[in-house]
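Encoded as structure tokens, the structure appears first; notes follow it.
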Amino acid sequence: MAAIDLLYFAWVRESIGIGHERATPPAEIADVAGLIDWLAARGGGYAEALGDKTRLRAAVDQLFVPLDASIAGAREIALFPPVTGG
Amino acid sequence: MAAIDLLYFAWVRESIGIGHERATPPAEIADVAGLIDWLAARGGGYAEALGDKTRLRAAVDQLFVPLDASIAGAREIALFPPVTGG
Amino acid sequence: MIRIRVTDAAIDVAAELGALERAGGGAVASFTGLVRDDNGVEELFLEHYPVATEKALSDLAAEAIQRWSLAAATVIHRVGAMTPGERIVFVGTAAAHRAAALEACAFLIDRLKTDAPFWKRETRGQDARWVGERDSDRDAADRWKR
Amino acid sequence: MIRIRVTDAAIDVAAELGALERAGGGAVASFTGLVRDDNGVEELFLEHYPVATEKALSDLAAEAIQRWSLAAATVIHRVGAMTPGERIVFVGTAAAHRAAALEACAFLIDRLKTDAPFWKRETRGQDARWVGERDSDRDAADRWKR
């Protein structure tokens with residue numbers, strides 16, 4: 001799998017400590033939920049931010065998706081809490 | 001019956017030719033419809049403006065009323081077409 | 001805060017919105033009606049029934065404030081002669097929640113159309129005619145009856 | 001006419017309304033959301049997902065224009081740090097009829113709340129916390145689903 005741009009927002013960004021990184025998940029990771037588990041396994045701020053998937057939303061290539069969405073071919077994946085604008 | 005201030009608006013005013021007058025209707029006139037008929041009987045612009053009651057609306061002492069509303073004790077009666085503001 | 005005005009001067013929307021924003025509440029909605037040049041209208045003349053107009057607008061604003069717990073309601077209506085593009089009417093509301101502000105704003109303009117004694121006359125060239133009542137306005141006002 | 005802006009500068013409501021009025025249509029509706037000082041909030045910080053935000057707002061505006069035959073739709077959202085009383089969001093619509101302008105305005109602000117990637121953080125003294133999702137916002141957005 002090619003490297004993916006990972007973006008984090010709001011308290012996900014604050015817990016992880018960065019807003020952007022590039023990563024290459026192992027080939028067996030198929031969906032957003034799998035990516036979240038793989039990142040959470042790094043521990044520390046990642047585990048804190050990504051341990052509870054019910055609190056998370058995601059976008060693949062800037063399109064909002066459910067967490068069982070495929071990440072095949074994705075160039076940019078964003079992880080964040082439910083939005084609260086307006 | 002005491003003298004009543006009569007007010008006319010929009011094309012009712014234009015047909016009659018004045019916007020305001022004082023008049024003392026005969027005692028047997030009980031409601032707005034009766035007042036309209038009495039005024040229309042003057043002919044000319046009055047007949048033209050007031051001949052078709054379905055096109056008219058009224059207010060007694062600045063309160064919108066149906067045409068069968070009593071005019072007993074009224075100080076000011078306005079006759080006009082349906083409103084078209086906003 | 002209720003602000004009602006019937007005026008032959010141009011309506012200053014920015015000033016009215018500023019007052020609504022300062023009323024507190026956090027949510028401000030507005031509606032502005034402009035003279036349209038439909039079918040070549042050159043002038044729109046607005047006649048009204050003085051005092052009765054202000055009372056009708058005040059009553060509507062008071063009803064809106066009570067029904068939607070508004071922080072403020074403003075209704076400004078222009079009278080006299082206007083040309084296309086000018087503002088005829090401004091309705092604004094301030095509330096703690098957006099739904100209250102938006103619904104109350106729709107209520108005020110819908111009910112103003114049927115409850116306030118204003119009359120429009122359109123002039124096209126030599127032809128001046130009074131605008132007729134619209135069924136759709138009666139229907140829109142009726143939906144707010146409880 | 002679609003006008004979308006995500007900005008860290010103050011929102012100029014008068015300028016935005018002027019542009020909507022000039023778009024034609026005759027009926028202009030607007031909604032402005034302000035920072036409230038609820039429970040002693042001193043600062044509100046708005047974070048967003050650049051590019052994705054603009055795309056979400058453009059998509060909503062395009063949907064509103066198509067669904068209500070609008071002459072224009074404007075969505076301006078502030079980002080960065082704000083204090084109580086400042087404008088967070090402005091939504092405006094222009095249409096030929098008032099119901100279209102008002103409904104489209106309600107649609108835009110309701111759907112913006114759930115569809116556009118913005119996040120609010122409130123600061124009270126030393127305490128900064130991210131605002132949580134509201135069920136009422138989801139319900140308000142859902143009512144526009146067809």
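Ordering of the structure tokens sets the chain letters (A, B, ...), residue numbers begin anew at 1 in every chain, and ligands are numbered from 1 in the order given.
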Per residue of chain C within 10 Å of chain B, which atom pair is closest and at what distance in Å (one decimal), using only C-alpha atoms, listed by chain and increasing number, as CSV?
residue,atom,partner,partner_atom,distance
C:Thr32,CA,B:Gly86,CA,9.2
C:Gly33,CA,B:Gly86,CA,6.9
C:Leu34,CA,B:Gly86,CA,9.2
C:Leu46,CA,B:Gly85,CA,7.6
C:Glu47,CA,B:Ala10,CA,6.8
C:His48,CA,B:Phe9,CA,7.6
C:Tyr49,CA,B:Phe9,CA,7.5
C:Pro50,CA,B:Gln62,CA,9.5
C:Val51,CA,B:Gln62,CA,8.0
C:Ala52,CA,B:Gln62,CA,5.3
C:Thr53,CA,B:Gln62,CA,8.9
C:Lys55,CA,B:Gln62,CA,8.6
C:Ala56,CA,B:Leu63,CA,8.9
C:Ile76,CA,B:Gly86,CA,9.8
C:His77,CA,B:Gly86,CA,7.4
C:Arg78,CA,B:Gly86,CA,9.0
C:Val79,CA,B:Gly85,CA,9.5
C:Ile88,CA,B:Gly86,CA,6.7
C:Val89,CA,B:Gly86,CA,5.7
C:Phe90,CA,B:Gly86,CA,8.6
C:Val91,CA,B:Gly86,CA,9.6
C:Leu108,CA,B:Gly86,CA,9.9
C:Ile109,CA,B:Gly86,CA,6.8
C:Asp110,CA,B:Gly86,CA,8.4
C:Arg111,CA,B:Gly86,CA,9.3
C:Leu112,CA,B:Gly86,CA,6.4
C:Lys113,CA,B:Gly86,CA,5.3
C:Thr114,CA,B:Val83,CA,6.2
C:Asp115,CA,B:Val83,CA,7.5
C:Ala116,CA,B:Val83,CA,7.0
C:Pro117,CA,B:Val83,CA,5.5
C:Phe118,CA,B:Gly85,CA,4.5
C:Trp119,CA,B:Thr84,CA,4.8
C:Lys120,CA,B:Thr84,CA,5.9
C:Arg121,CA,B:Ala10,CA,7.9
C:Arg129,CA,B:Trp11,CA,8.6
C:Trp130,CA,B:Trp11,CA,6.8
C:Val131,CA,B:Thr84,CA,6.7
C:Gly132,CA,B:Thr84,CA,6.9
C:Glu133,CA,B:Pro82,CA,5.8
C:Arg134,CA,B:Thr84,CA,8.0
C:Asp137,CA,B:Thr84,CA,9.0
Could you please select, counting only C-alpha atoms, the residues of chain C within 10 Å of chain D and state them as a PyMOL selection string? chain C and resi 12-15+17-18+21-22+24-38+84-94+96-99+101-103+105-106+109-110+140
DSSP on the backbone: which residues in chain A end up as helix (DSSP H, G or I)? Give the answer as a list in words. Ala10, Trp11, Val12, Arg13, Glu14, Ser15, Ile16, Val32, Ala33, Gly34, Leu35, Ile36, Asp37, Trp38, Leu39, Ala40, Gly44, Gly45, Tyr46, Ala47, Glu48, Ala49, Leu50, Lys53, Thr54 and Arg55 of chain A
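Excluding Ala49 of chain A and any residue on its chain fewer than 5 positions from it, the residues at most 10 Å away by only C-alpha atoms are Tyr8, Trp11, Val12, Arg13, Glu14, Ser15, Ile16, Gly17, Ile36, Leu39, Ala40, Gly43, Gly44, Arg55, Leu56, Leu79, Phe80 and Pro81 of chain A.
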File of the preceding selection, N, CA and C atoms, as a tab-separated table (two decimals), in the first residue's frame:
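Output below, filename part08.tsv:
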chain	number	residue	atom	x	y	z
A	8	TYR	N	-5.60	14.93	11.40
A	8	TYR	CA	-6.34	14.83	12.66
A	8	TYR	C	-6.87	16.21	13.03
A	11	TRP	N	-9.96	17.49	19.19
A	11	TRP	CA	-9.25	16.80	20.28
A	11	TRP	C	-8.49	15.57	19.79
A	12	VAL	N	-8.83	15.05	18.64
A	12	VAL	CA	-8.02	13.97	18.08
A	12	VAL	C	-6.62	14.50	17.79
A	13	ARG	N	-6.57	15.66	17.16
A	13	ARG	CA	-5.28	16.32	16.87
A	13	ARG	C	-4.54	16.64	18.17
A	14	GLU	N	-5.25	17.17	19.16
A	14	GLU	CA	-4.58	17.56	20.40
A	14	GLU	C	-4.01	16.36	21.15
A	15	SER	N	-4.78	15.25	21.17
A	15	SER	CA	-4.30	14.07	21.89
A	15	SER	C	-3.09	13.45	21.20
A	16	ILE	N	-3.17	13.35	19.87
A	16	ILE	CA	-2.06	12.74	19.13
A	16	ILE	C	-0.86	13.67	19.14
A	17	GLY	N	-1.12	14.99	19.14
A	17	GLY	CA	-0.02	15.95	19.23
A	17	GLY	C	0.42	16.52	17.90
A	36	ILE	N	-7.84	2.81	12.10
A	36	ILE	CA	-7.91	3.40	13.44
A	36	ILE	C	-7.30	2.46	14.47
A	39	LEU	N	-3.51	2.44	14.18
A	39	LEU	CA	-2.91	3.65	14.76
A	39	LEU	C	-3.00	3.64	16.28
A	40	ALA	N	-4.15	3.21	16.81
A	40	ALA	CA	-4.35	3.20	18.27
A	40	ALA	C	-3.33	2.28	18.94
A	43	GLY	N	-0.23	3.25	20.92
A	43	GLY	CA	-0.28	3.65	22.33
A	43	GLY	C	-0.22	5.16	22.51
A	44	GLY	N	-0.03	5.58	23.79
A	44	GLY	CA	0.12	7.00	24.11
A	44	GLY	C	-1.07	7.82	23.63
A	55	ARG	N	-16.72	7.61	19.15
A	55	ARG	CA	-16.54	9.07	19.24
A	55	ARG	C	-15.89	9.65	17.98
A	56	LEU	N	-15.63	8.78	17.00
A	56	LEU	CA	-14.86	9.23	15.83
A	56	LEU	C	-15.67	9.26	14.55
A	79	LEU	N	-9.32	11.93	10.43
A	79	LEU	CA	-10.02	11.38	11.60
A	79	LEU	C	-10.32	12.54	12.55
A	80	PHE	N	-11.56	12.55	13.06
A	80	PHE	CA	-11.99	13.70	13.85
A	80	PHE	C	-13.24	13.37	14.65
A	81	PRO	N	-13.59	14.22	15.61
A	81	PRO	CA	-14.85	14.04	16.35
A	81	PRO	C	-16.03	14.50	15.49
Selection near Leu44 of chain C, 7 Å with only C-alpha atoms, sequence-local residues under 3 positions removed, as number ranges by chain: C: 81-83, 120-123
Can you spit out the residues from that selection as a PDB file, in the first residue's frame, using all heavy atoms?
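New file again_22.pdb:
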ATOM      1  N   ALA C  81     -43.436  56.365  -2.442  1.00  0.00           N
ATOM      2  CA  ALA C  81     -43.010  55.935  -3.776  1.00  0.00           C
ATOM      3  C   ALA C  81     -41.617  55.310  -3.740  1.00  0.00           C
ATOM      4  O   ALA C  81     -40.722  55.807  -3.061  1.00  0.00           O
ATOM      5  CB  ALA C  81     -43.006  57.126  -4.719  1.00  0.00           C
ATOM      6  N   MET C  82     -41.472  54.185  -4.421  1.00  0.00           N
ATOM      7  CA  MET C  82     -40.190  53.463  -4.500  1.00  0.00           C
ATOM      8  C   MET C  82     -39.933  53.029  -5.935  1.00  0.00           C
ATOM      9  O   MET C  82     -40.870  52.890  -6.720  1.00  0.00           O
ATOM     10  CB  MET C  82     -40.264  52.186  -3.666  1.00  0.00           C
ATOM     11  CG  MET C  82     -40.046  52.389  -2.192  1.00  0.00           C
ATOM     12  SD  MET C  82     -40.754  50.990  -1.290  1.00  0.00           S
ATOM     13  CE  MET C  82     -42.373  51.658  -0.983  1.00  0.00           C
ATOM     14  N   THR C  83     -38.656  52.741  -6.212  1.00  0.00           N
ATOM     15  CA  THR C  83     -38.304  52.212  -7.535  1.00  0.00           C
ATOM     16  C   THR C  83     -37.711  50.814  -7.369  1.00  0.00           C
ATOM     17  O   THR C  83     -37.306  50.424  -6.265  1.00  0.00           O
ATOM     18  CB  THR C  83     -37.291  53.136  -8.229  1.00  0.00           C
ATOM     19  OG1 THR C  83     -36.195  53.353  -7.337  1.00  0.00           O
ATOM     20  CG2 THR C  83     -37.916  54.476  -8.578  1.00  0.00           C
ATOM     21  N   LYS C 120     -50.393  48.243  -2.232  1.00  0.00           N
ATOM     22  CA  LYS C 120     -49.373  48.517  -3.255  1.00  0.00           C
ATOM     23  C   LYS C 120     -50.026  48.964  -4.566  1.00  0.00           C
ATOM     24  O   LYS C 120     -50.949  48.313  -5.049  1.00  0.00           O
ATOM     25  CB  LYS C 120     -48.612  47.225  -3.586  1.00  0.00           C
ATOM     26  CG  LYS C 120     -47.605  46.762  -2.593  1.00  0.00           C
ATOM     27  CD  LYS C 120     -46.706  45.686  -3.246  1.00  0.00           C
ATOM     28  CE  LYS C 120     -45.746  45.081  -2.254  1.00  0.00           C
ATOM     29  NZ  LYS C 120     -46.227  43.831  -1.681  1.00  0.00           N
ATOM     30  N   ARG C 121     -49.454  49.992  -5.161  1.00  0.00           N
ATOM     31  CA  ARG C 121     -49.876  50.411  -6.504  1.00  0.00           C
ATOM     32  C   ARG C 121     -48.659  50.408  -7.413  1.00  0.00           C
ATOM     33  O   ARG C 121     -47.646  51.059  -7.097  1.00  0.00           O
ATOM     34  CB  ARG C 121     -50.487  51.816  -6.454  1.00  0.00           C
ATOM     35  CG  ARG C 121     -51.113  52.246  -7.789  1.00  0.00           C
ATOM     36  CD  ARG C 121     -51.596  53.685  -7.733  1.00  0.00           C
ATOM     37  NE  ARG C 121     -50.457  54.570  -7.490  1.00  0.00           N
ATOM     38  CZ  ARG C 121     -50.567  55.804  -6.980  1.00  0.00           C
ATOM     39  NH1 ARG C 121     -51.741  56.283  -6.646  1.00  0.00           N
ATOM     40  NH2 ARG C 121     -49.497  56.547  -6.780  1.00  0.00           N
ATOM     41  N   GLU C 122     -48.743  49.678  -8.520  1.00  0.00           N
ATOM     42  CA  GLU C 122     -47.631  49.583  -9.471  1.00  0.00           C
ATOM     43  C   GLU C 122     -47.869  50.520 -10.644  1.00  0.00           C
ATOM     44  O   GLU C 122     -48.982  50.569 -11.181  1.00  0.00           O
ATOM     45  CB  GLU C 122     -47.517  48.161 -10.028  1.00  0.00           C
ATOM     46  CG  GLU C 122     -47.221  47.112  -8.972  1.00  0.00           C
ATOM     47  CD  GLU C 122     -47.261  45.693  -9.528  1.00  0.00           C
ATOM     48  OE1 GLU C 122     -47.866  45.489 -10.607  1.00  0.00           O
ATOM     49  OE2 GLU C 122     -46.690  44.803  -8.882  1.00  0.00           O
ATOM     50  N   THR C 123     -46.817  51.212 -11.055  1.00  0.00           N
ATOM     51  CA  THR C 123     -46.923  52.070 -12.236  1.00  0.00           C
ATOM     52  C   THR C 123     -45.983  51.576 -13.324  1.00  0.00           C
ATOM     53  O   THR C 123     -44.790  51.341 -13.079  1.00  0.00           O
ATOM     54  CB  THR C 123     -46.578  53.530 -11.886  1.00  0.00           C
ATOM     55  OG1 THR C 123     -47.472  53.971 -10.866  1.00  0.00           O
ATOM     56  CG2 THR C 123     -46.720  54.433 -13.110  1.00  0.00           C
TER      57      THR C 123
END
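Going from atom CA of Ser58 of chain C to atom CA of Ala10 of chain C covers 20.3 Å.
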Please, which residues of segment 35-104 of chain C, numbered as in this document, come out strand (DSSP E or B) from DSSP, as a PyMOL selection string? chain C and resi 43-48+72-78+80-82+87-95
Could you state the separation of atom CA of Ala104 of chain C and atom CA of Ile2 of chain D in Å, given to one decimal place?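 Atom-to-atom, atom CA of Ala104 of chain C to atom CA of Ile2 of chain D, that is 26.1 Å.
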Figure out the distance between atom CA of Arg143 of chain C and atom CA of Ala71 of chain D, please, to one decimal in Å. 25.6 Å
Pick out the residues sitting within 12 Å of Pro25 of chain B, and hand them over as a ChimeraX atom specification; count only C-alpha atoms, and ignore anything fewer than 2 positions along from it in its own chain. /B:1-6,22-23,27-32,34-39,71-75,77
